[in-house]
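> Sharing a structure here in structure tokens format.
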Amino acid sequence: MKRYWAIVKKDLAQLRESKRELKDIYKIAFSHKKMIAYEQLVNQQMESMSYEELARRIEHFASYLHNTYPSSSGEYIAIDLPNSPSFLIAFWGSLMAGYSPYLVNSYYPFSLRNSLLKRLSISKIITLSEQYNAYFQCISIPTFLETEHETPKEEWWSNRFALSSSYTGMEAKIVVYDGASVAAEIENSDAILEKNSWFMQDFHGEIKIAAILPFFHIFGIMVSYLWFAFYGRTIVFFHDLSPLTIRSTIIRHGITHIFAPPILFGRLFDEIEKGVTKLGSKKKKQFHHAIDFIAKVGDFSPRLSLFLSRILLKEVRLQAFGESPRFMISGGASIKKRSIKDD
């Protein structure tokens with residue numbers, strides 16, 4: 001844990017001494033050159049890339065974007081991509097090329113997405129979807145990756161990006177974040193870790209974050225990506241978000257930190273309960289007695305509750321997530337009590 005404290009203090013000191021722009025956040029994050037930036041499964045084979053190699057691709061994309069699609073300073077460009085390496089290249093590459101990325105909420109109906117893009121006078125979009133072809137100039141990351149590009153001799157940084165609200169009100173709002181607003185969140189790190197050192201727990205010397213929350217949402221881009229990438233940690237991408245895929249990916253990659261909406265934890269609990277039910281009524285009864293007891297202990301001693309859960313629910317936990325998970329956060333809505341007890 002002392003190792004992580006040293007990293008946090010060093011990186012935060014650099015950030016606080018800088019202009020606190022998105023460019024500064026990028027430079028500090030990608031100074032962890034040999035650390036693994038991301039992992040994913042491709043055709044059942046593990047694929048990973050270091051921060052150094054990812055930075056090279058980002059720089060090449062920035063050069064390609066700037067030279068092929070010249071922009072006015074700070075012009076908005078849309079990104080409609082799933083959580084993926086391509087998203088990271090598009091996000092940082094756009095900023096480095098002088099564009100301000102607008103992260104499209106792909107859950108919105110197309111008419112609403114189109115309306116929001118027009119509100120920002122956007123003419124270009126980085127996407128894999130053909131929906132936009134008739135309305136915007138579409139840019140493809142896979143097409144870019146097929147050819148070699150030069151490392152830029154200069155950078156043209158923008159210092160803002162935008163995304164939409166969760167659309168829980170009557171109207172979708174566009175919210176803009178600059179480097180200072182992102183830096184303010186990152187600078188909370190030392191205070192958070194002082195109050196909850198569990199946040200720094202690793203598995204076999206590594207901290208890996210599940211990229212479950214969509215990066216077009218502020219909770220996803222800020223908590224699941226920027227906060228951890230700033231310290232050179234590993235983001236793990238998923239092929240899909242079915243309970244089976246999530247569970248198998250967590251186990252195979254050794255994911256330690258999981259941030260997800262309540263509904264996902266509820267679905268995972270349902271899958272766990274199905275597995276317990278197959279073991280017979282006696283096992284099922286013991287399982288529910290155990291989680292009720294652990295929950296009661298947790299009311300007065302969270303650490304003892306954690307210790308008991310690792311003993312009494314060891315078999316279930318190993319089947320559900322493996323040994324690696326260290327920290328789970330649910331946000332965005334209320335979570336069912338049964339899911340809290342099990343998770």
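Chain identifiers are assigned as A, B, and so on, following the order in which chains appear in the structure tokens; residues are numbered from 1 within each chain, and ligands are numbered from 1 in order of appearance.
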Residues of range 135-242 of chain A that have any atom at most 12 Å from an atom of range 56-75 of chain A: could you tabulate them with the shortest-distance atom pair and the distance in Å to one decimal, using only C-alpha atoms, ordered by chain and increasing number, as JSON lines?

```
{"residue": "A:Gln137", "atom": "CA", "partner": "A:Tyr69", "partner_atom": "CA", "distance": 9.6}
{"residue": "A:Cys138", "atom": "CA", "partner": "A:Tyr69", "partner_atom": "CA", "distance": 10.7}
{"residue": "A:Ile139", "atom": "CA", "partner": "A:Leu65", "partner_atom": "CA", "distance": 8.9}
{"residue": "A:Ser140", "atom": "CA", "partner": "A:Phe61", "partner_atom": "CA", "distance": 10.6}
{"residue": "A:Ile141", "atom": "CA", "partner": "A:Phe61", "partner_atom": "CA", "distance": 8.3}
{"residue": "A:Pro142", "atom": "CA", "partner": "A:Phe61", "partner_atom": "CA", "distance": 11.0}
{"residue": "A:Thr143", "atom": "CA", "partner": "A:Phe61", "partner_atom": "CA", "distance": 10.9}
{"residue": "A:Phe144", "atom": "CA", "partner": "A:Phe61", "partner_atom": "CA", "distance": 7.3}
{"residue": "A:Leu145", "atom": "CA", "partner": "A:Arg57", "partner_atom": "CA", "distance": 8.3}
{"residue": "A:Glu146", "atom": "CA", "partner": "A:Phe61", "partner_atom": "CA", "distance": 11.6}
{"residue": "A:Thr147", "atom": "CA", "partner": "A:His60", "partner_atom": "CA", "distance": 10.2}
{"residue": "A:Glu148", "atom": "CA", "partner": "A:His60", "partner_atom": "CA", "distance": 8.1}
{"residue": "A:His149", "atom": "CA", "partner": "A:His60", "partner_atom": "CA", "distance": 5.5}
{"residue": "A:Glu150", "atom": "CA", "partner": "A:His60", "partner_atom": "CA", "distance": 5.8}
{"residue": "A:Thr151", "atom": "CA", "partner": "A:His60", "partner_atom": "CA", "distance": 5.2}
{"residue": "A:Pro152", "atom": "CA", "partner": "A:Ser63", "partner_atom": "CA", "distance": 5.2}
{"residue": "A:Lys153", "atom": "CA", "partner": "A:Ser63", "partner_atom": "CA", "distance": 8.6}
{"residue": "A:Glu154", "atom": "CA", "partner": "A:Ser63", "partner_atom": "CA", "distance": 8.7}
{"residue": "A:Glu155", "atom": "CA", "partner": "A:Ala62", "partner_atom": "CA", "distance": 8.0}
{"residue": "A:Trp156", "atom": "CA", "partner": "A:Ser73", "partner_atom": "CA", "distance": 8.4}
{"residue": "A:Trp157", "atom": "CA", "partner": "A:Gly74", "partner_atom": "CA", "distance": 8.3}
{"residue": "A:Ser158", "atom": "CA", "partner": "A:Gly74", "partner_atom": "CA", "distance": 5.5}
{"residue": "A:Asn159", "atom": "CA", "partner": "A:Gly74", "partner_atom": "CA", "distance": 7.8}
{"residue": "A:Arg160", "atom": "CA", "partner": "A:Gly74", "partner_atom": "CA", "distance": 7.9}
{"residue": "A:Phe161", "atom": "CA", "partner": "A:Gly74", "partner_atom": "CA", "distance": 9.4}
{"residue": "A:Ala162", "atom": "CA", "partner": "A:Glu75", "partner_atom": "CA", "distance": 11.4}
{"residue": "A:Asp178", "atom": "CA", "partner": "A:Gly74", "partner_atom": "CA", "distance": 11.6}
```
> Could you please write out, as a list in words, every residue of range 83-171 of chain A that DSSP assigns to helix (DSSP H, G or I)?
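Across range 83-171 of chain A, those assigned helix (DSSP H, G or I) are Pro85, Ser86, Phe87, Leu88, Ile89, Ala90, Phe91, Trp92, Gly93, Ser94, Leu95, Met96, Phe110, Ser111, Leu112, Arg113, Asn114, Ser115, Leu116, Leu117, Lys118, Arg119, Ile141, Pro142, Thr143, Phe144 and Leu145 of chain A.
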> Find the residues around range 273-284 of chain A up to 10 Å (only C-alpha atoms counted), leave out those fewer than 3 positions away in its own chain, and share them as a PyMOL selection string.
chain A and resi 267-270+287-290+316+319-320+342
> Any chance you can output those residues with N, CA and C atoms as an mmCIF file, in the first residue's frame?

```cif
data_model
loop_
_atom_site.group_PDB
_atom_site.id
_atom_site.type_symbol
_atom_site.label_atom_id
_atom_site.label_comp_id
_atom_site.auth_asym_id
_atom_site.auth_seq_id
_atom_site.Cartn_x
_atom_site.Cartn_y
_atom_site.Cartn_z
ATOM 1 N N ARG A 267 -28.635 -8.324 -11.221
ATOM 2 C CA ARG A 267 -28.583 -9.448 -12.159
ATOM 3 C C ARG A 267 -27.518 -10.462 -11.742
ATOM 4 N N LEU A 268 -26.382 -9.953 -11.270
ATOM 5 C CA LEU A 268 -25.331 -10.857 -10.818
ATOM 6 C C LEU A 268 -25.797 -11.664 -9.614
ATOM 7 N N PHE A 269 -26.530 -11.010 -8.714
ATOM 8 C CA PHE A 269 -27.064 -11.729 -7.553
ATOM 9 C C PHE A 269 -28.014 -12.836 -8.012
ATOM 10 N N ASP A 270 -28.870 -12.528 -8.999
ATOM 11 C CA ASP A 270 -29.808 -13.534 -9.509
ATOM 12 C C ASP A 270 -29.069 -14.750 -10.053
ATOM 13 N N PHE A 287 -26.915 -20.403 2.741
ATOM 14 C CA PHE A 287 -26.417 -19.227 2.026
ATOM 15 C C PHE A 287 -27.120 -17.967 2.521
ATOM 16 N N HIS A 288 -28.450 -17.989 2.583
ATOM 17 C CA HIS A 288 -29.209 -16.809 3.008
ATOM 18 C C HIS A 288 -29.000 -16.504 4.492
ATOM 19 N N HIS A 289 -28.855 -17.530 5.319
ATOM 20 C CA HIS A 289 -28.548 -17.293 6.727
ATOM 21 C C HIS A 289 -27.195 -16.605 6.866
ATOM 22 N N ALA A 290 -26.248 -17.041 6.065
ATOM 23 C CA ALA A 290 -24.888 -16.481 6.124
ATOM 24 C C ALA A 290 -24.877 -15.004 5.730
ATOM 25 N N VAL A 316 -19.016 -19.468 -2.685
ATOM 26 C CA VAL A 316 -19.923 -18.693 -3.541
ATOM 27 C C VAL A 316 -19.176 -17.549 -4.213
ATOM 28 N N GLN A 319 -16.996 -18.684 -7.081
ATOM 29 C CA GLN A 319 -17.786 -19.003 -8.271
ATOM 30 C C GLN A 319 -18.327 -17.754 -8.942
ATOM 31 N N ALA A 320 -18.643 -16.743 -8.129
ATOM 32 C CA ALA A 320 -19.248 -15.527 -8.668
ATOM 33 C C ALA A 320 -18.218 -14.624 -9.345
ATOM 34 N N ASP A 342 -25.013 -9.644 -0.565
ATOM 35 C CA ASP A 342 -24.173 -10.625 -1.244
ATOM 36 C C ASP A 342 -22.887 -10.021 -1.736
#
```
> Within 9 Å of Ser129 in chain A, counting only C-alpha atoms, which residues show up once you throw out same-chain ones fewer than 4 positions away? Write them as a compact mmCIF listing (two decimals) with C-alpha atoms, in the first residue's frame, please.

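For reference, part-v3.txt as written:
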```txt
# COMPACT_ATOMS: atom_id res chain seq x y z
CA ASP A 80 -19.98 7.72 -30.61
CA LEU A 81 -18.01 4.62 -29.69
CA ASN A 133 -23.44 8.94 -42.84
CA CYS A 138 -17.77 10.23 -40.34
```
> Considering only C-alpha atoms, return as a list of chain:residue names whatever protein or nucleic-acid residues lie within 12 Å of Lys27 in chain A, sequence-local ones (same chain, fewer than 2 positions apart) excluded.
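Surrounding residues, per the criterion: A:Asp11, A:Gln14, A:Leu15, A:Ser18, A:Lys19, A:Arg20, A:Glu21, A:Leu22, A:Lys23, A:Asp24, A:Ile25, A:Ala29, A:Phe30, A:Ser31, A:His32, A:Lys33, A:Tyr51, A:Glu52, A:Ala55, A:Glu59, A:Trp92, A:Met96, A:Trp157, A:Ala229, A:Phe230, A:Tyr231, A:Gly232.
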> Those same residues, written as a tab-separated table (two decimals), in the first residue's frame with N, CA and C atoms?

```tsv
chain	number	residue	atom	x	y	z
A	11	ASP	N	2.23	11.98	-8.31
A	11	ASP	CA	1.42	12.43	-9.44
A	11	ASP	C	0.57	13.65	-9.08
A	14	GLN	N	2.71	16.80	-9.13
A	14	GLN	CA	2.92	17.29	-10.50
A	14	GLN	C	1.68	18.02	-11.02
A	15	LEU	N	0.50	17.46	-10.74
A	15	LEU	CA	-0.74	18.08	-11.20
A	15	LEU	C	-0.94	19.45	-10.56
A	18	SER	N	1.12	22.13	-12.05
A	18	SER	CA	0.89	22.41	-13.47
A	18	SER	C	-0.23	23.43	-13.65
A	19	LYS	N	-0.61	23.67	-14.89
A	19	LYS	CA	-1.73	24.57	-15.19
A	19	LYS	C	-3.08	23.88	-14.97
A	20	ARG	N	-3.04	22.58	-14.66
A	20	ARG	CA	-4.25	21.78	-14.38
A	20	ARG	C	-5.17	21.72	-15.60
A	21	GLU	N	-4.57	21.62	-16.77
A	21	GLU	CA	-5.33	21.47	-18.00
A	21	GLU	C	-5.40	20.00	-18.39
A	22	LEU	N	-6.28	19.67	-19.35
A	22	LEU	CA	-6.39	18.28	-19.79
A	22	LEU	C	-5.06	17.79	-20.37
A	23	LYS	N	-4.32	18.67	-20.98
A	23	LYS	CA	-2.99	18.32	-21.50
A	23	LYS	C	-2.08	17.85	-20.37
A	24	ASP	N	-2.12	18.52	-19.23
A	24	ASP	CA	-1.29	18.16	-18.09
A	24	ASP	C	-1.70	16.80	-17.52
A	25	ILE	N	-3.02	16.57	-17.46
A	25	ILE	CA	-3.53	15.29	-16.95
A	25	ILE	C	-3.06	14.15	-17.85
A	29	ALA	N	-0.60	11.03	-16.75
A	29	ALA	CA	-1.12	9.66	-16.88
A	29	ALA	C	-0.21	8.82	-17.77
A	30	PHE	N	0.20	9.37	-18.89
A	30	PHE	CA	0.96	8.60	-19.87
A	30	PHE	C	2.47	8.63	-19.59
A	31	SER	N	2.85	9.23	-18.46
A	31	SER	CA	4.26	9.12	-18.03
A	31	SER	C	4.53	7.74	-17.45
A	32	HIS	N	3.46	7.00	-17.15
A	32	HIS	CA	3.60	5.62	-16.65
A	32	HIS	C	3.78	4.69	-17.85
A	33	LYS	N	4.84	4.90	-18.59
A	33	LYS	CA	5.01	4.30	-19.92
A	33	LYS	C	4.91	2.79	-19.96
A	51	TYR	N	0.97	2.03	-21.75
A	51	TYR	CA	0.67	3.46	-21.92
A	51	TYR	C	1.56	4.07	-23.00
A	52	GLU	N	2.78	3.59	-23.11
A	52	GLU	CA	3.71	4.11	-24.11
A	52	GLU	C	3.21	3.83	-25.53
A	55	ALA	N	-0.01	5.80	-26.24
A	55	ALA	CA	0.31	7.21	-26.49
A	55	ALA	C	0.77	7.40	-27.92
A	59	GLU	N	-1.05	9.92	-30.49
A	59	GLU	CA	-0.32	11.01	-31.16
A	59	GLU	C	-0.46	10.91	-32.67
A	92	TRP	N	-8.47	11.15	-26.51
A	92	TRP	CA	-7.23	11.90	-26.31
A	92	TRP	C	-6.71	12.47	-27.62
A	96	MET	N	-5.85	16.38	-28.38
A	96	MET	CA	-4.49	16.74	-28.80
A	96	MET	C	-4.50	17.45	-30.15
A	157	TRP	N	-3.63	21.27	-28.46
A	157	TRP	CA	-4.58	20.89	-27.42
A	157	TRP	C	-5.80	21.79	-27.23
A	229	ALA	N	-6.71	6.05	-14.62
A	229	ALA	CA	-5.70	6.18	-15.67
A	229	ALA	C	-4.66	7.22	-15.29
A	230	PHE	N	-5.06	8.24	-14.56
A	230	PHE	CA	-4.13	9.28	-14.11
A	230	PHE	C	-2.96	8.67	-13.36
A	231	TYR	N	-3.23	7.58	-12.63
A	231	TYR	CA	-2.17	6.91	-11.85
A	231	TYR	C	-1.59	5.69	-12.58
A	232	GLY	N	-1.88	5.57	-13.87
A	232	GLY	CA	-1.29	4.50	-14.65
A	232	GLY	C	-1.84	3.12	-14.38
```
> Would you list the contacts of Ser121 in chain A as an MDAnalysis selection string, taking every protein, DNA or RNA residue within 10 Å and counting only C-alpha atoms, but skipping same-chain residues closer than 6 positions in sequence?
chainID A and resid 75:77 115
> Quick one, how far is CA of Tyr225 in chain A from CA of Ala90 in chain A?
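Distance reported for this atom pair: 14.2 Å.
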> Near Arg3 in chain A, counting only C-alpha atoms, which residues have an atom at most 12 Å away, once you skip same-chain residues fewer than 4 positions from it, shown as a VMD selection string?
chain A and resid 7 to 10 200 to 202 205 to 206 231
> Could you tell me, as a list in words, which residues of range 226-332 of chain A DSSP assigns to strand (DSSP E) when given the backbone?
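DSSP-assigned strand (DSSP E) residues in range 226-332 of chain A: Thr234, Ile235, Val236, His257, Ile258, Phe259, Ala260, Phe327, Met328, Ile329 and Ser330 of chain A.
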